[in-house]
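Below is run-v4.txt, which holds compact mmCIF, C-alpha atoms (C1' of nucleotides).
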# COMPACT_ATOMS: atom_id res chain seq x y z
CA MET A 1 0.00 0.00 0.00
CA ALA A 2 3.10 2.22 -0.03
CA ALA A 3 2.36 4.26 3.09
CA ALA A 4 2.40 7.99 2.35
CA ILE A 5 5.50 9.96 3.21
CA PRO A 6 4.95 12.18 6.28
CA ASP A 7 5.75 15.88 6.04
CA GLU A 8 8.53 15.66 8.59
CA PHE A 9 10.36 13.23 6.35
CA LEU A 10 10.66 15.53 3.37
CA ASP A 11 13.54 17.56 4.71
CA LEU A 12 15.38 14.51 5.98
CA MET A 13 14.97 12.80 2.64
CA ALA A 14 16.12 15.88 0.77
CA GLU A 15 19.20 16.02 2.95
CA LYS A 16 20.08 12.41 2.19
CA PHE A 17 19.67 12.98 -1.51
CA ARG A 18 21.60 16.22 -1.38
CA MET A 19 24.61 14.40 -0.02
CA LEU A 20 24.58 12.24 -3.14
CA ALA A 21 23.88 15.12 -5.50
CA ASP A 22 27.48 16.04 -6.17
CA ALA A 23 29.98 14.33 -8.44
CA THR A 24 32.90 14.87 -6.09
CA ARG A 25 31.09 13.28 -3.17
CA LEU A 26 30.02 10.39 -5.36
CA ALA A 27 33.63 9.91 -6.44
CA ILE A 28 34.66 9.85 -2.79
CA LEU A 29 31.99 7.34 -1.91
CA ARG A 30 32.96 5.18 -4.87
CA SER A 31 36.52 5.19 -3.58
CA LEU A 32 35.29 4.03 -0.17
CA MET A 33 33.22 1.29 -1.72
CA SER A 34 36.42 -0.71 -2.14
CA GLY A 35 37.14 -0.45 1.56
CA GLU A 36 38.53 1.87 4.18
CA ARG A 37 40.79 4.66 2.91
CA ASN A 38 42.75 7.50 4.44
CA VAL A 39 42.35 11.04 3.14
CA THR A 40 45.44 10.94 0.96
CA GLN A 41 44.28 7.78 -0.76
CA VAL A 42 40.91 9.29 -1.44
CA VAL A 43 42.60 12.40 -2.82
CA ASP A 44 44.66 10.26 -5.18
CA GLU A 45 41.76 8.15 -6.33
CA THR A 46 39.41 11.03 -6.93
CA GLY A 47 41.84 13.53 -8.43
CA ARG A 48 40.38 16.31 -6.29
CA ASN A 49 42.57 18.43 -4.04
CA GLN A 50 43.01 17.72 -0.39
CA ALA A 51 41.10 20.61 1.12
CA ASN A 52 38.18 19.84 -1.08
CA VAL A 53 38.15 16.14 -0.26
CA SER A 54 38.50 16.87 3.42
CA LYS A 55 35.55 19.23 3.33
CA HIS A 56 33.32 16.75 1.56
CA LEU A 57 34.39 13.94 3.86
CA LYS A 58 33.36 16.07 6.78
CA MET A 59 29.95 16.66 5.25
CA LEU A 60 29.51 12.95 4.59
CA ALA A 61 30.59 12.10 8.13
CA GLU A 62 28.20 14.61 9.67
CA ALA A 63 25.41 13.19 7.57
CA GLY A 64 26.31 9.76 8.86
CA LEU A 65 27.14 8.30 5.47
CA VAL A 66 30.77 7.60 6.37
CA ALA A 67 32.59 6.86 9.61
CA ARG A 68 35.91 8.29 10.79
CA ARG A 69 38.82 6.60 12.50
CA LYS A 70 41.99 8.36 13.48
CA GLU A 71 45.29 6.54 13.64
CA GLY A 72 48.44 8.48 14.21
CA LEU A 73 48.84 11.09 11.54
CA GLN A 74 46.22 9.59 9.32
CA VAL A 75 42.44 9.62 9.34
CA PHE A 76 40.62 6.69 7.83
CA TYR A 77 37.13 6.85 6.45
CA ARG A 78 34.75 4.04 5.55
CA LEU A 79 31.18 3.68 4.36
CA ASN A 80 28.76 3.69 7.24
CA ASP A 81 25.37 3.56 5.58
CA PRO A 82 24.25 0.56 3.52
CA LEU A 83 21.84 2.91 1.80
CA VAL A 84 24.61 4.49 -0.23
CA GLU A 85 25.48 1.46 -2.27
CA ARG A 86 21.88 0.50 -2.83
CA LEU A 87 20.90 3.95 -4.04
CA CYS A 88 23.92 4.20 -6.32
CA LYS A 89 23.24 0.79 -7.75
CA LEU A 90 19.64 1.68 -8.54
CA VAL A 91 20.56 4.94 -10.20
CA CYS A 92 23.39 3.36 -12.18
CA GLU A 93 21.07 0.73 -13.52
CA THR A 94 18.63 3.39 -14.58
CA ILE A 95 21.32 5.32 -16.40
CA VAL A 96 22.34 2.20 -18.26
CA GLU A 97 18.75 1.48 -19.17
CA GLU A 98 18.21 4.99 -20.45
CA ALA A 99 21.37 4.84 -22.50
CA GLN A 100 20.22 1.51 -23.92
CA LYS A 101 16.86 3.02 -24.82
CA ASP A 102 18.58 5.86 -26.63
CA LEU A 103 20.72 3.42 -28.57
CA ASP A 104 17.69 1.37 -29.55
CA ARG A 105 15.88 4.46 -30.75
CA GLN A 106 18.81 5.54 -32.90
CA LYS A 107 19.22 2.05 -34.27
CA ARG A 108 15.58 1.90 -35.24
CA LEU A 109 15.90 5.20 -37.03
CA LEU A 110 19.06 4.22 -38.88
CA ASP A 111 18.46 0.74 -40.28
CA GLY A 112 15.09 -0.68 -39.29
CA TRP A 113 13.29 2.29 -40.69
CA SER A 114 15.13 2.87 -43.97
CA GLY A 115 13.01 2.65 -47.09
CA ARG A 116 9.79 1.97 -45.25
CA ASN A 117 7.10 4.55 -44.56
CA PRO A 118 8.75 7.01 -46.96
CA GLY A 119 6.28 9.87 -46.67
CA ALA A 120 6.21 10.32 -42.89
CA ALA A 121 7.27 13.80 -41.75
CA MET B 1 31.13 -8.10 -7.63
CA ALA B 2 29.31 -4.73 -7.71
CA ALA B 3 30.90 -3.37 -10.90
CA ALA B 4 32.64 -0.08 -10.26
CA ILE B 5 30.93 3.13 -11.25
CA PRO B 6 32.54 4.67 -14.33
CA ASP B 7 33.66 8.29 -14.20
CA GLU B 8 31.20 9.38 -16.85
CA PHE B 9 28.36 8.25 -14.62
CA LEU B 10 29.18 10.48 -11.70
CA ASP B 11 27.66 13.62 -13.17
CA LEU B 12 24.58 11.83 -14.42
CA MET B 13 24.05 10.24 -11.05
CA ALA B 14 24.52 13.54 -9.27
CA GLU B 15 21.94 15.09 -11.54
CA LYS B 16 19.40 12.39 -10.72
CA PHE B 17 19.96 12.78 -7.02
CA ARG B 18 19.85 16.56 -7.25
CA MET B 19 16.31 16.39 -8.57
CA LEU B 20 15.31 14.63 -5.37
CA ALA B 21 17.38 16.84 -3.10
CA ASP B 22 14.72 19.43 -2.42
CA ALA B 23 11.79 19.19 -0.02
CA THR B 24 9.43 21.05 -2.34
CA ARG B 25 10.10 18.72 -5.24
CA LEU B 26 9.69 15.73 -2.95
CA ALA B 27 6.37 17.12 -1.78
CA ILE B 28 5.30 17.50 -5.41
CA LEU B 29 6.36 13.96 -6.24
CA ARG B 30 4.55 12.65 -3.19
CA SER B 31 1.44 14.39 -4.36
CA LEU B 32 1.78 12.69 -7.75
CA MET B 33 2.30 9.31 -6.13
CA SER B 34 -1.44 9.17 -5.52
CA GLY B 35 -2.10 9.66 -9.21
CA GLU B 36 -2.30 12.30 -11.88
CA ARG B 37 -2.83 15.88 -10.67
CA ASN B 38 -3.19 19.29 -12.27
CA VAL B 39 -1.06 22.20 -11.15
CA THR B 40 -3.71 23.70 -8.89
CA GLN B 41 -4.15 20.43 -7.07
CA VAL B 42 -0.43 20.09 -6.55
CA VAL B 43 -0.30 23.66 -5.27
CA ASP B 44 -3.05 22.89 -2.76
CA GLU B 45 -1.54 19.64 -1.61
CA THR B 46 1.97 21.00 -1.18
CA GLY B 47 1.15 24.40 0.26
CA ARG B 48 3.71 26.06 -2.01
CA ASN B 49 2.79 28.95 -4.25
CA GLN B 50 1.90 28.54 -7.85
CA ALA B 51 5.00 30.04 -9.46
CA ASN B 52 7.19 27.84 -7.38
CA VAL B 53 5.30 24.66 -8.10
CA SER B 54 5.16 25.44 -11.78
CA LYS B 55 8.89 25.95 -11.92
CA HIS B 56 9.69 22.76 -10.08
CA LEU B 57 7.26 20.80 -12.24
CA LYS B 58 9.08 22.06 -15.27
CA MET B 59 12.41 20.90 -13.85
CA LEU B 60 10.98 17.50 -13.04
CA ALA B 61 9.48 17.18 -16.49
CA GLU B 62 12.72 18.14 -18.22
CA ALA B 63 14.56 15.58 -16.10
CA GLY B 64 12.03 13.01 -17.23
CA LEU B 65 10.72 12.26 -13.76
CA VAL B 66 7.18 13.40 -14.54
CA ALA B 67 5.08 13.56 -17.69
CA ARG B 68 2.83 16.40 -18.85
CA ARG B 69 -0.63 16.30 -20.37
CA LYS B 70 -2.60 19.37 -21.33
CA GLU B 71 -6.37 19.37 -21.30
CA GLY B 72 -8.19 22.63 -21.90
CA LEU B 73 -7.13 25.15 -19.32
CA GLN B 74 -5.45 22.61 -17.14
CA VAL B 75 -2.16 20.80 -17.29
CA PHE B 76 -1.92 17.40 -15.67
CA TYR B 77 1.28 15.86 -14.40
CA ARG B 78 2.01 12.28 -13.46
CA LEU B 79 5.01 10.24 -12.35
CA ASN B 80 7.00 8.98 -15.29
CA ASP B 81 9.99 7.24 -13.70
CA PRO B 82 9.64 4.10 -11.58
CA LEU B 83 12.96 4.99 -10.01
CA VAL B 84 11.39 7.79 -8.00
CA GLU B 85 9.22 5.64 -5.83
CA ARG B 86 11.91 3.04 -5.29
CA LEU B 87 14.47 5.62 -4.22
CA CYS B 88 12.02 7.37 -1.93
CA LYS B 89 10.97 4.08 -0.39
CA LEU B 90 14.57 3.12 0.35
CA VAL B 91 15.37 6.47 1.92
CA CYS B 92 12.19 6.49 3.96
CA GLU B 93 12.96 3.07 5.36
CA THR B 94 16.41 4.22 6.34
CA ILE B 95 15.04 7.26 8.11
CA VAL B 96 12.65 5.08 10.06
CA GLU B 97 15.46 2.71 10.97
CA GLU B 98 17.65 5.54 12.15
CA ALA B 99 14.86 7.00 14.23
CA GLN B 100 14.29 3.57 15.73
CA LYS B 101 17.96 3.24 16.56
CA ASP B 102 17.88 6.61 18.31
CA LEU B 103 14.86 5.55 20.33
CA ASP B 104 16.53 2.31 21.35
CA ARG B 105 19.63 4.13 22.44
CA GLN B 106 17.62 6.54 24.59
CA LYS B 107 15.62 3.70 26.07
CA ARG B 108 18.75 1.80 26.98
CA LEU B 109 20.09 4.87 28.73
CA LEU B 110 16.91 5.54 30.63
CA ASP B 111 15.76 2.25 32.08
CA GLY B 112 17.93 -0.69 31.05
CA TRP B 113 20.99 0.96 32.41
CA SER B 114 19.75 2.36 35.70
CA GLY B 115 21.44 0.96 38.79
CA ARG B 116 23.90 -1.17 36.89
CA ASN B 117 27.48 -0.16 36.25
CA PRO B 118 27.23 2.72 38.71
CA GLY B 119 30.74 4.08 38.34
CA ALA B 120 30.83 4.59 34.59
CA ALA B 121 31.19 8.21 33.52
C1' DC C 1 62.48 21.16 24.24
C1' DA C 2 62.58 23.25 19.59
C1' DA C 3 62.37 22.75 14.88
C1' DC C 4 60.65 20.25 11.26
C1' DT C 5 57.79 16.99 8.32
C1' DG C 6 53.73 14.85 6.83
C1' DT C 7 48.78 14.68 7.22
C1' DA C 8 44.31 16.65 7.75
C1' DT C 9 41.21 20.49 8.72
C1' DT C 10 39.54 25.18 8.66
C1' DA C 11 39.03 30.03 6.94
C1' DC C 12 38.40 32.90 3.43
C1' DT C 13 37.22 34.32 -1.32
C1' DG C 14 34.97 34.54 -5.78
C1' DG C 15 31.89 32.74 -8.66
C1' DT C 16 27.86 29.93 -9.67
C1' DT C 17 23.74 27.90 -9.01
C1' DG C 18 19.28 27.38 -6.77
C1' DA C 19 14.90 28.59 -4.20
C1' DT C 20 11.26 31.64 -3.34
C1' DT C 21 7.99 35.26 -4.21
C1' DG C 22 5.12 38.88 -6.49
C1' DA C 23 3.90 40.59 -10.79
C1' DT C 24 3.05 39.83 -15.46
C1' DT C 25 1.92 37.33 -19.57
C1' DA C 26 -0.25 33.62 -22.34
C1' DA C 27 -3.75 30.49 -23.31
C1' DT C 28 -8.37 28.68 -22.95
C1' DC C 29 -13.01 28.97 -22.41
C1' DA C 30 -17.71 31.04 -20.87
C1' DT D 1 -14.79 40.94 -22.18
C1' DG D 2 -13.94 38.64 -18.03
C1' DA D 3 -12.56 34.54 -15.38
C1' DT D 4 -9.54 30.72 -14.75
C1' DT D 5 -5.32 28.23 -15.12
C1' DA D 6 -0.50 27.80 -15.93
C1' DA D 7 4.01 29.61 -17.36
C1' DT D 8 7.33 33.15 -17.29
C1' DC D 9 9.81 37.32 -15.72
C1' DA D 10 12.42 40.00 -12.48
C1' DA D 11 14.43 40.48 -8.19
C1' DT D 12 16.12 38.92 -3.91
C1' DC D 13 18.24 35.92 -0.92
C1' DA D 14 20.58 31.76 0.46
C1' DA D 15 23.39 27.65 -0.40
C1' DC D 16 26.92 25.56 -2.54
C1' DC D 17 31.53 24.57 -4.60
C1' DA D 18 36.48 24.97 -5.88
C1' DG D 19 40.79 26.80 -4.74
C1' DT D 20 44.33 29.09 -2.09
C1' DA D 21 46.20 30.06 2.02
C1' DA D 22 46.51 29.56 6.79
C1' DT D 23 46.10 26.59 10.79
C1' DA D 24 46.04 22.38 13.68
C1' DC D 25 47.71 18.00 14.93
C1' DA D 26 50.84 13.88 15.53
C1' DG D 27 55.14 12.15 15.11
C1' DT D 28 60.19 12.59 14.29
C1' DT D 29 64.70 14.40 14.64
C1' DG D 30 68.38 17.36 16.33
For this file, write the structure as structure tokens.
Amino acid sequence: MAAAIPDEFLDLMAEKFRMLADATRLAILRSLMSGERNVTQVVDETGRNQANVSKHLKMLAEAGLVARRKEGLQVFYRLNDPLVERLCKLVCETIVEEAQKDLDRQKRLLDGWSGRNPGAA
Amino acid sequence: MAAAIPDEFLDLMAEKFRMLADATRLAILRSLMSGERNVTQVVDETGRNQANVSKHLKMLAEAGLVARRKEGLQVFYRLNDPLVERLCKLVCETIVEEAQKDLDRQKRLLDGWSGRNPGAA
DNA sequence: CAACTGTATTACTGGTTGATTGATTAATCA
DNA sequence: TGATTAATCAATCAACCAGTAATACAGTTG
């Protein structure tokens, strides 16, 4: 019956989605999907600069999406919310599907349609 | 094996999530989850003003999340992307779980813990 | 201890985007 | 024409993001 979403949820939901609505943060999360990483490793894997990565990691930690562990000089981060991978997976699949649909449409226009139905606008 | 997310996907994914990263748009989508609605109905159900709703509906339509149908004076919108409801459902469940976890933690502090382990800070 | 190095965070800035609102316009129909 | 519905315009305000520079922190070395 898909219970309706209560008003108080809307802001919380928006906040969750907002965390995922940035390519840099997604790149960081993707890096953490392979396992725990320190800041320098994340910097290397994402190609973003350190201050920027650090800032986004802080946001993600405050939102509860990643967890922090300090060890000597280094700070290690890891995924802390199973939701992340599930949401990313769903969206990725959708992107693939949409790309496939586009391909099919083009294909139909290019070969399947040639010669037939000549007068159509 | 959870195939890695390719770089080219990051922006597309961020764009998808960004559409859902706003409480007003979520309220609009929730309204449409009950079925097709015209703009006035969405305005009433969301409590936002007409210009605002109209603008967000346009964004959602351009992103392909909703579909548009004009009939006389009115314009009807409906959900057009099965992803929306699945993503919202996932996030809602997570919010409920997190709230539950908070409740449990408080409960444990209040009654389960009283008397025992007296010296702990 | 003081100086120094490597690692991570914070502060500040400029530029961009986004949300909201009131007023106006466009389209449709009585 | 007048009423209704939706889209657009113009203006304001807030949020966000990248980048540089400055700061903090832990550990090492002299």
With 7 Å as the limit and counting all atoms listed in the file, what residues in chain B lie close to chain C? Please list them as a ChimeraX atom specification. /B:52,72-73
How would the residues just picked look written out with C-alpha atoms as a PDB file, keeping the file's coordinate frame?
ATOM      1  CA  ASN B  52       7.190  27.840  -7.380  1.00  0.00           C
ATOM      2  CA  GLY B  72      -8.190  22.630 -21.900  1.00  0.00           C
ATOM      3  CA  LEU B  73      -7.130  25.150 -19.320  1.00  0.00           C
TER       4      LEU B  73
END
I'd like a table as a tab-separated table: residues in chain A with an atom no more than 12 Å from chain B, each row giving the shortest atom pair and its distance in Å to one decimal, only C-alpha atoms counted, sorted by chain and rising residue number.
residue	atom	partner	partner_atom	distance
A:Met1	CA	B:Ser34	CA	10.8
A:Ala2	CA	B:Lys89	CA	8.1
A:Ala3	CA	B:Lys89	CA	9.3
A:Ala4	CA	B:Arg30	CA	7.6
A:Ile5	CA	B:Arg30	CA	7.0
A:Pro6	CA	B:Arg30	CA	9.5
A:Asp7	CA	B:Ala27	CA	7.9
A:Glu8	CA	B:Ala23	CA	9.9
A:Phe9	CA	B:Cys92	CA	7.4
A:Leu10	CA	B:Ala23	CA	5.1
A:Asp11	CA	B:Ala23	CA	5.3
A:Leu12	CA	B:Ile95	CA	7.6
A:Met13	CA	B:Val91	CA	6.4
A:Ala14	CA	B:Ala21	CA	4.2
A:Glu15	CA	B:Ala21	CA	6.4
A:Lys16	CA	B:Ala21	CA	7.4
A:Phe17	CA	B:Ala21	CA	4.8
A:Arg18	CA	B:Ala21	CA	4.6
A:Met19	CA	B:Ala21	CA	8.2
A:Leu20	CA	B:Phe17	CA	6.1
A:Ala21	CA	B:Ala14	CA	4.1
A:Asp22	CA	B:Ala14	CA	5.0
A:Ala23	CA	B:Leu10	CA	5.1
A:Thr24	CA	B:Leu10	CA	8.0
A:Arg25	CA	B:Ala14	CA	9.0
A:Leu26	CA	B:Leu10	CA	6.4
A:Ala27	CA	B:Leu10	CA	6.9
A:Ile28	CA	B:Leu10	CA	10.5
A:Leu29	CA	B:Ile5	CA	10.3
A:Arg30	CA	B:Ile5	CA	7.0
A:Ser31	CA	B:Ala4	CA	9.4
A:Leu32	CA	B:Ala4	CA	11.2
A:Met33	CA	B:Ala4	CA	8.7
A:Ser34	CA	B:Ala4	CA	9.0
A:Glu45	CA	B:Asp7	CA	11.3
A:Thr46	CA	B:Asp7	CA	9.7
A:Gly47	CA	B:Asp7	CA	11.3
A:Ala63	CA	B:Glu98	CA	11.8
A:Gly64	CA	B:Glu98	CA	10.2
A:Leu65	CA	B:Thr94	CA	11.5
A:Asp81	CA	B:Thr94	CA	9.0
A:Pro82	CA	B:Thr94	CA	9.1
A:Leu83	CA	B:Thr94	CA	7.2
A:Val84	CA	B:Val91	CA	9.7
A:Glu85	CA	B:Ala2	CA	9.1
A:Arg86	CA	B:Leu90	CA	8.4
A:Leu87	CA	B:Leu87	CA	6.6
A:Cys88	CA	B:Met13	CA	7.7
A:Lys89	CA	B:Ala2	CA	8.2
A:Leu90	CA	B:Leu83	CA	7.6
A:Val91	CA	B:Met13	CA	6.4
A:Cys92	CA	B:Met13	CA	7.0
A:Glu93	CA	B:Leu83	CA	9.8
A:Thr94	CA	B:Leu83	CA	7.5
A:Ile95	CA	B:Leu12	CA	7.5
A:Val96	CA	B:Phe9	CA	9.3
A:Glu97	CA	B:Leu83	CA	11.4
A:Glu98	CA	B:Gly64	CA	10.6
A:Ala99	CA	B:Phe9	CA	11.1
Keeping C-alpha atoms, export the residues of the selection given above as a compact mmCIF listing (two decimals), in the coordinates of the input.
# COMPACT_ATOMS: atom_id res chain seq x y z
CA MET A 1 0.00 0.00 0.00
CA ALA A 2 3.10 2.22 -0.03
CA ALA A 3 2.36 4.26 3.09
CA ALA A 4 2.40 7.99 2.35
CA ILE A 5 5.50 9.96 3.21
CA PRO A 6 4.95 12.18 6.28
CA ASP A 7 5.75 15.88 6.04
CA GLU A 8 8.53 15.66 8.59
CA PHE A 9 10.36 13.23 6.35
CA LEU A 10 10.66 15.53 3.37
CA ASP A 11 13.54 17.56 4.71
CA LEU A 12 15.38 14.51 5.98
CA MET A 13 14.97 12.80 2.64
CA ALA A 14 16.12 15.88 0.77
CA GLU A 15 19.20 16.02 2.95
CA LYS A 16 20.08 12.41 2.19
CA PHE A 17 19.67 12.98 -1.51
CA ARG A 18 21.60 16.22 -1.38
CA MET A 19 24.61 14.40 -0.02
CA LEU A 20 24.58 12.24 -3.14
CA ALA A 21 23.88 15.12 -5.50
CA ASP A 22 27.48 16.04 -6.17
CA ALA A 23 29.98 14.33 -8.44
CA THR A 24 32.90 14.87 -6.09
CA ARG A 25 31.09 13.28 -3.17
CA LEU A 26 30.02 10.39 -5.36
CA ALA A 27 33.63 9.91 -6.44
CA ILE A 28 34.66 9.85 -2.79
CA LEU A 29 31.99 7.34 -1.91
CA ARG A 30 32.96 5.18 -4.87
CA SER A 31 36.52 5.19 -3.58
CA LEU A 32 35.29 4.03 -0.17
CA MET A 33 33.22 1.29 -1.72
CA SER A 34 36.42 -0.71 -2.14
CA GLU A 45 41.76 8.15 -6.33
CA THR A 46 39.41 11.03 -6.93
CA GLY A 47 41.84 13.53 -8.43
CA ALA A 63 25.41 13.19 7.57
CA GLY A 64 26.31 9.76 8.86
CA LEU A 65 27.14 8.30 5.47
CA ASP A 81 25.37 3.56 5.58
CA PRO A 82 24.25 0.56 3.52
CA LEU A 83 21.84 2.91 1.80
CA VAL A 84 24.61 4.49 -0.23
CA GLU A 85 25.48 1.46 -2.27
CA ARG A 86 21.88 0.50 -2.83
CA LEU A 87 20.90 3.95 -4.04
CA CYS A 88 23.92 4.20 -6.32
CA LYS A 89 23.24 0.79 -7.75
CA LEU A 90 19.64 1.68 -8.54
CA VAL A 91 20.56 4.94 -10.20
CA CYS A 92 23.39 3.36 -12.18
CA GLU A 93 21.07 0.73 -13.52
CA THR A 94 18.63 3.39 -14.58
CA ILE A 95 21.32 5.32 -16.40
CA VAL A 96 22.34 2.20 -18.26
CA GLU A 97 18.75 1.48 -19.17
CA GLU A 98 18.21 4.99 -20.45
CA ALA A 99 21.37 4.84 -22.50
Report as a Markdown table the residues of chain D within 8 Å of chain B, each with its shortest atom pair and distance in Å (one decimal), using all atoms listed in the file, ordered by chain and increasing residue number.
| residue | atom | partner | partner_atom | distance |
| --- | --- | --- | --- | --- |
| D:DT4 | C1' | B:Leu73 | CA | 7.6 |
| D:DT5 | C1' | B:Leu73 | CA | 5.5 |
| D:DA6 | C1' | B:Gln74 | CA | 7.3 |
| D:DA7 | C1' | B:Ser54 | CA | 7.1 |
Quick one: axis-aligned box around all listed atoms of segment 12-30 of chain A, 6 Å on every side, centre and edge lengths in Å to one decimal, written as AutoDock Vina command-line options.
--center_x 24.8 --center_y 10.7 --center_z -1.2 --size_x 31.7 --size_y 23.0 --size_z 26.4
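Our summary of the geometry notes that atom CA of Val43 of chain A is positioned 14.3 Å from atom C1' of DA18 of chain D.
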Pairing the C-alpha atoms in order and superposing chain A on chain B, what is the resulting RMSD? 0.3 Å
